[in-house]
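Enquirer: To start, I am sharing the structure in question, which I have written as structure tokens.
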Amino acid sequence: MDILKTFSFELPTRIEYGVGCASRLPKELAILGAKKPMIVTDKGIVASGLLENITVILDEAGIRYDLFDGVEPNPRDENVHRGAEMARSLQSDCLIAIGGGSSIDCAKGISIIATHGGRIQDFQGAGKVSGTPLPIITIPTTAGSGSEVTFSSVITDTERKTKFSVRSTRIAAKVAICDPELTVSMPKNLTAATGMDALTHAIEGYTANCSEPIANAVGLYAVELIFKYLRRAVAKGDDIEGRAGMLTASILAAISFSHSDVAAVHCIAEALGGMYDKPHGVCNAVCLPEIMDYSKDYCIPKYARLAAAMGLEFASAEEGAAAAVEAVKKLSKDVGIPPFSSFEIPESRFREIAVKSFENLSNASNPRILTIDDYMVILKKLASR
Ligand SMILES: [Fe+2]
């Protein structure tokens with residue numbers, strides 16, 4: 001039982017949350033004593049005008065900054081290395097990561113390489129980072145990855161065409177400035193995909209074999225908020241309450257999985273992201289109901305609690321567990337997530353995807369431990385949808 005487990009809980013990132021709170025960025029830079037900050041972001045954030053919301057604040061405060069906008073989706077090792085080279089040559093003393101999970105994960109990588117040198121692959125795994133990487137301030141513009149409060153960074157190894165993670169509390173942001181207003185301009189498809197990523201974090205964080213009471217509590221509340229607000233945020237982007245609900249949910253979901261783990265859904269999503277550069281949130285959204293269905297019988301009581309958090313009524317735990325799976329299926333459809341077949345992945349590649357999923361360390365966290373053959377069954381089911 002989870003309640004008898006030994007656990008430790010640390011959240012190294014201070015969270016500053018609120019509508020309009022982006023304006024506190026100059027104050028946060030002063031607290032860190034930062035004189036030469038470098039913004040880390042992607043070209044989409046620049047082109048959309050979102051970056052201006054932040055640079056205007058810096059300009060008005062008379063703060064000079066440099067800009068690295070070379071982050072790509074499913075951020076690559078080469079993005080990290082180029083950003084680190086720039087930070088080093090500019091003698092940056094702080095990184096301001098603005099954007100979704102890609103920008104923030106890339107900034108975490110840059111923070112290490114800028115101070116330690118080497119390749120980001122050298123730091124793969126848990127606890128490999130020593131010393132003090134560059135301090136990071138995170139400013140999320142999506143509500144999904146939760147990377148603003150986690151202490152891991154997922155990077156694509158371009159040569160091996162696989163994703164790997166670097167985990168260390170030393171790369172956690174010093175402060176996460178979470179302003180729901182910055183998420184208002186997110187288009188519907190990105191709102192849906194990132195929201196389903198947050199739902200996957202919450203469900204996997206709560207149901208992972210290694211979960212603990214705090215991860216359970218925040219994961220369940222995140223599920224409640226996502227079922228209350230995701231449809232609203234997708235339907236009406238300028239509904240600030242919907243946006244605030246989703247940003248809060250994504251933070252909670254990230255606290256859940258980062259103190260527990262993700263599981264089989266992320267195992268497949270990371271394989272698809274590394275091999276085919278598919279959007280992380282969509283990969284999760286597509287796989288989540290199928291994996292839940294496949295794992296349900298191994299986790300009935302927790303799935304029933306999920307159903308209650310979703311606001312469903314049921315007569316027995318078994319009925320509740322089944323209802324939770326159906327509700328996730330429906331939510332995914334309602335917010336417009338495309339089917340797996342839209343990825344156009346040939347069946348001949350399924351085994352490679354299954355092997356990569358199986359080899360992912362988070363496979364051991366799934367309530368039903370999956371074999372390569374299990375992943376093959378799931379992939380074939382997905383392809384038939
Ligand atoms: Fe994720």
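Starting from 1 in every chain, residues are counted up; chains themselves are A, B, ... following the order of the structure tokens, and ligands are numbered from 1 as listed.
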Residues at most 7 Å from ligand 1, using only C-alpha atoms and all ligand atoms? Could they come as a PyMOL selection string?

Expert: chain A and resi 145+197-198+200-201+266+280-281

Enquirer: I'd like a table as CSV: residues in segment 46-149 of chain A with an atom no more than 7 Å from segment 248-258 of chain A, each row giving the shortest atom pair and its distance in Å to one decimal, only C-alpha atoms counted, sorted by chain and rising residue number.

Expert:
residue,atom,partner,partner_atom,distance
A:Ala143,CA,A:Ser250,CA,5.5
A:Gly144,CA,A:Ser250,CA,5.0
A:Ser145,CA,A:Ser250,CA,6.8
A:Gly146,CA,A:Ala254,CA,4.8
A:Val149,CA,A:Ile251,CA,6.8

Enquirer: Report as a PyMOL selection string all protein, DNA and RNA residues lying within 8 Å of Thr207 of chain A, evaluated on only C-alpha atoms, omitting residues in the same chain fewer than 3 positions from it.

Expert: chain A and resi 203-204+211+216+299+302-303+366-367

Enquirer: Which residues are close to segment 357-362 of chain A, i.e. within 9 Å by only C-alpha atoms, leaving aside same-chain residues fewer than 5 positions away? Reply as number ranges by chain.

Expert: A: 164, 208, 261-271, 352, 370-372, 375

Enquirer: Write out as a list in words the residues lying within 7 Å of Pro180 of chain A, counting only C-alpha atoms and excluding same-chain residues fewer than 3 positions away.

Expert: Gly18, Val19, Thr183, Val184, Ile240, Arg243, Ala244 and Leu247 of chain A

Enquirer: Would you work out the distance separating atom CA of Met275 of chain A from atom CA of Val154 of chain A, expressed in Å to one decimal?

Expert: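 Pair atom CA of Met275 of chain A / atom CA of Val154 of chain A returns 14.1 Å.
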
Enquirer: Applying 10 Å and only C-alpha atoms, which residues near Arg385 of chain A remain after dropping the ones on its own chain fewer than 3 positions away? List them as a PyMOL selection string.

Expert: chain A and resi 339-341+380-382

Enquirer: Might you pull out every residue within 12 Å of Lys236 of chain A, with only C-alpha atoms counted and same-chain residues fewer than 6 positions away left off, and present them as a ChimeraX atom specification?

Expert: /A:184-188,191-192,229-230,242-243,335

Enquirer: Could you save those same residues with C-alpha atoms as a PDB file, in the first residue's frame?

Expert:
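Written output follows (out-v2.pdb):
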ATOM      1  CA  VAL A 184      -4.490  32.681 -23.941  1.00  0.00           C
ATOM      2  CA  SER A 185      -3.213  32.846 -27.516  1.00  0.00           C
ATOM      3  CA  MET A 186      -2.498  29.113 -27.787  1.00  0.00           C
ATOM      4  CA  PRO A 187      -4.351  27.652 -30.791  1.00  0.00           C
ATOM      5  CA  LYS A 188      -7.017  24.988 -30.231  1.00  0.00           C
ATOM      6  CA  THR A 191      -4.326  23.622 -26.200  1.00  0.00           C
ATOM      7  CA  ALA A 192      -5.826  20.154 -26.698  1.00  0.00           C
ATOM      8  CA  TYR A 229     -11.500  23.095 -17.744  1.00  0.00           C
ATOM      9  CA  LEU A 230      -9.880  21.493 -20.812  1.00  0.00           C
ATOM     10  CA  GLY A 242     -10.409  27.984 -18.335  1.00  0.00           C
ATOM     11  CA  ARG A 243      -6.788  28.906 -19.042  1.00  0.00           C
ATOM     12  CA  VAL A 335     -10.979  18.186 -27.990  1.00  0.00           C
TER      13      VAL A 335
END

Enquirer: Smallest atom-to-atom distance to Asp157 of chain A: which of A:Gly311, A:Pro346, A:Pro12, A:Gly273, using only C-alpha atoms?

Expert: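 Smallest distance to Asp157 of chain A is found for A:Gly273.
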
Enquirer: Which residue out of A:Arg76, A:Met38, A:Lys228, A:Lys329 has the minimum interatomic distance to Glu159 of chain A when only C-alpha atoms are used?

Expert: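 Closest residue, counting only C-alpha atoms: A:Arg76.
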
Enquirer: Go through segment 60-219 of chain A and collect every residue that DSSP, computed from the backbone, puts in helix (DSSP H, G or I); the answer should be as a compact mmCIF listing (two decimals) with C-alpha atoms, in the first residue's frame.

Expert:
# COMPACT_ATOMS: atom_id res chain seq x y z
CA GLU A 60 10.67 48.98 -19.54
CA ASP A 77 21.01 17.65 -28.60
CA GLU A 78 22.37 20.09 -31.21
CA ASN A 79 19.93 22.79 -30.00
CA VAL A 80 21.33 22.37 -26.49
CA HIS A 81 24.93 22.51 -27.67
CA ARG A 82 24.39 25.59 -29.82
CA GLY A 83 22.53 27.40 -27.05
CA ALA A 84 25.25 26.52 -24.55
CA GLU A 85 27.95 27.80 -26.87
CA MET A 86 26.09 31.09 -27.20
CA ALA A 87 25.53 31.39 -23.44
CA ARG A 88 29.20 30.73 -22.82
CA SER A 89 30.47 33.20 -25.39
CA LEU A 90 28.08 35.87 -24.08
CA GLY A 101 8.19 22.02 -22.70
CA SER A 102 10.64 22.10 -25.61
CA SER A 103 12.08 25.53 -24.75
CA ILE A 104 12.20 24.77 -21.05
CA ASP A 105 13.76 21.31 -21.44
CA CYS A 106 16.32 22.76 -23.84
CA ALA A 107 17.17 25.54 -21.36
CA LYS A 108 17.81 22.93 -18.68
CA GLY A 109 20.26 21.21 -21.02
CA ILE A 110 21.92 24.52 -21.90
CA SER A 111 22.28 25.37 -18.21
CA ILE A 112 24.43 22.26 -17.74
CA ILE A 113 26.59 22.40 -20.86
CA ALA A 114 27.23 26.16 -20.55
CA THR A 115 28.87 25.59 -17.16
CA HIS A 116 30.18 22.01 -17.44
CA ILE A 120 24.31 16.61 -23.03
CA GLN A 121 24.39 12.80 -23.51
CA ASP A 122 27.15 12.70 -20.85
CA PHE A 123 24.52 13.67 -18.26
CA THR A 169 17.20 18.78 -8.87
CA ARG A 170 20.17 21.00 -9.85
CA ILE A 171 18.54 21.80 -13.21
CA PRO A 180 -2.35 32.24 -17.33
CA GLU A 181 -2.57 35.30 -19.62
CA LEU A 182 0.46 34.03 -21.53
CA THR A 183 -1.45 30.88 -22.52
CA LYS A 188 -7.02 24.99 -30.23
CA ASN A 189 -4.93 22.01 -31.38
CA LEU A 190 -2.00 22.95 -29.15
CA THR A 191 -4.33 23.62 -26.20
CA ALA A 192 -5.83 20.15 -26.70
CA ALA A 193 -2.53 18.32 -27.16
CA THR A 194 -0.75 19.99 -24.24
CA GLY A 195 -3.83 19.57 -22.04
CA MET A 196 -3.89 15.85 -22.80
CA ASP A 197 -0.17 15.69 -21.98
CA ALA A 198 -1.01 17.15 -18.57
CA LEU A 199 -3.81 14.58 -18.15
CA THR A 200 -1.34 11.81 -18.98
CA HIS A 201 1.11 13.18 -16.39
CA ALA A 202 -1.63 13.24 -13.76
CA ILE A 203 -2.96 9.75 -14.49
CA GLU A 204 0.46 8.15 -14.86
CA GLY A 205 1.83 10.04 -11.84
CA TYR A 206 -1.08 8.83 -9.71
CA THR A 207 -1.18 5.24 -10.92
CA PRO A 213 0.84 10.18 -1.16
CA ILE A 214 1.70 13.72 -2.29
CA ALA A 215 1.95 12.66 -5.95
CA ASN A 216 -1.40 10.88 -5.51
CA ALA A 217 -3.11 13.92 -4.03
CA VAL A 218 -1.93 16.47 -6.58
CA GLY A 219 -2.42 14.03 -9.47

Enquirer: So, counting only C-alpha atoms, which residue among A:Glu347, A:Glu28, A:Asp69, A:Glu290 is closest to Ile15 of chain A?

Expert: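 Among the listed residues, the smallest separation from Ile15 of chain A belongs to A:Glu28.
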
Enquirer: Check the smallest atom-to-atom distance from each of A:Phe227, A:Ile337, A:Asp239, A:Ile57 to Ala324 of chain A using only C-alpha atoms, then report the winner.

Expert: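 Among the listed residues, the smallest separation from Ala324 of chain A belongs to A:Phe227.
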
Enquirer: Pick the closest to Lys128 of chain A from A:Val325, A:Val166, A:Ile353, A:Val377: which is it, counting only C-alpha atoms?

Expert: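 Of all the options, A:Val166 lies closest to Lys128 of chain A.
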
Enquirer: Measuring atom to atom with only C-alpha atoms, identify which of A:Ile177, A:Val286, A:Ile136, A:Ala34 is nearest to Ser342 of chain A.

Expert: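 Counting only C-alpha atoms, the residue closest to Ser342 of chain A is A:Val286.
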
Enquirer: Identify all residues of segment 50-276 of chain A in strand (DSSP E) (DSSP on the backbone) and supply them as a ChimeraX atom specification.

Expert: /A:66-71,94-99,125-126,136-140,152-157,162-167,175-178
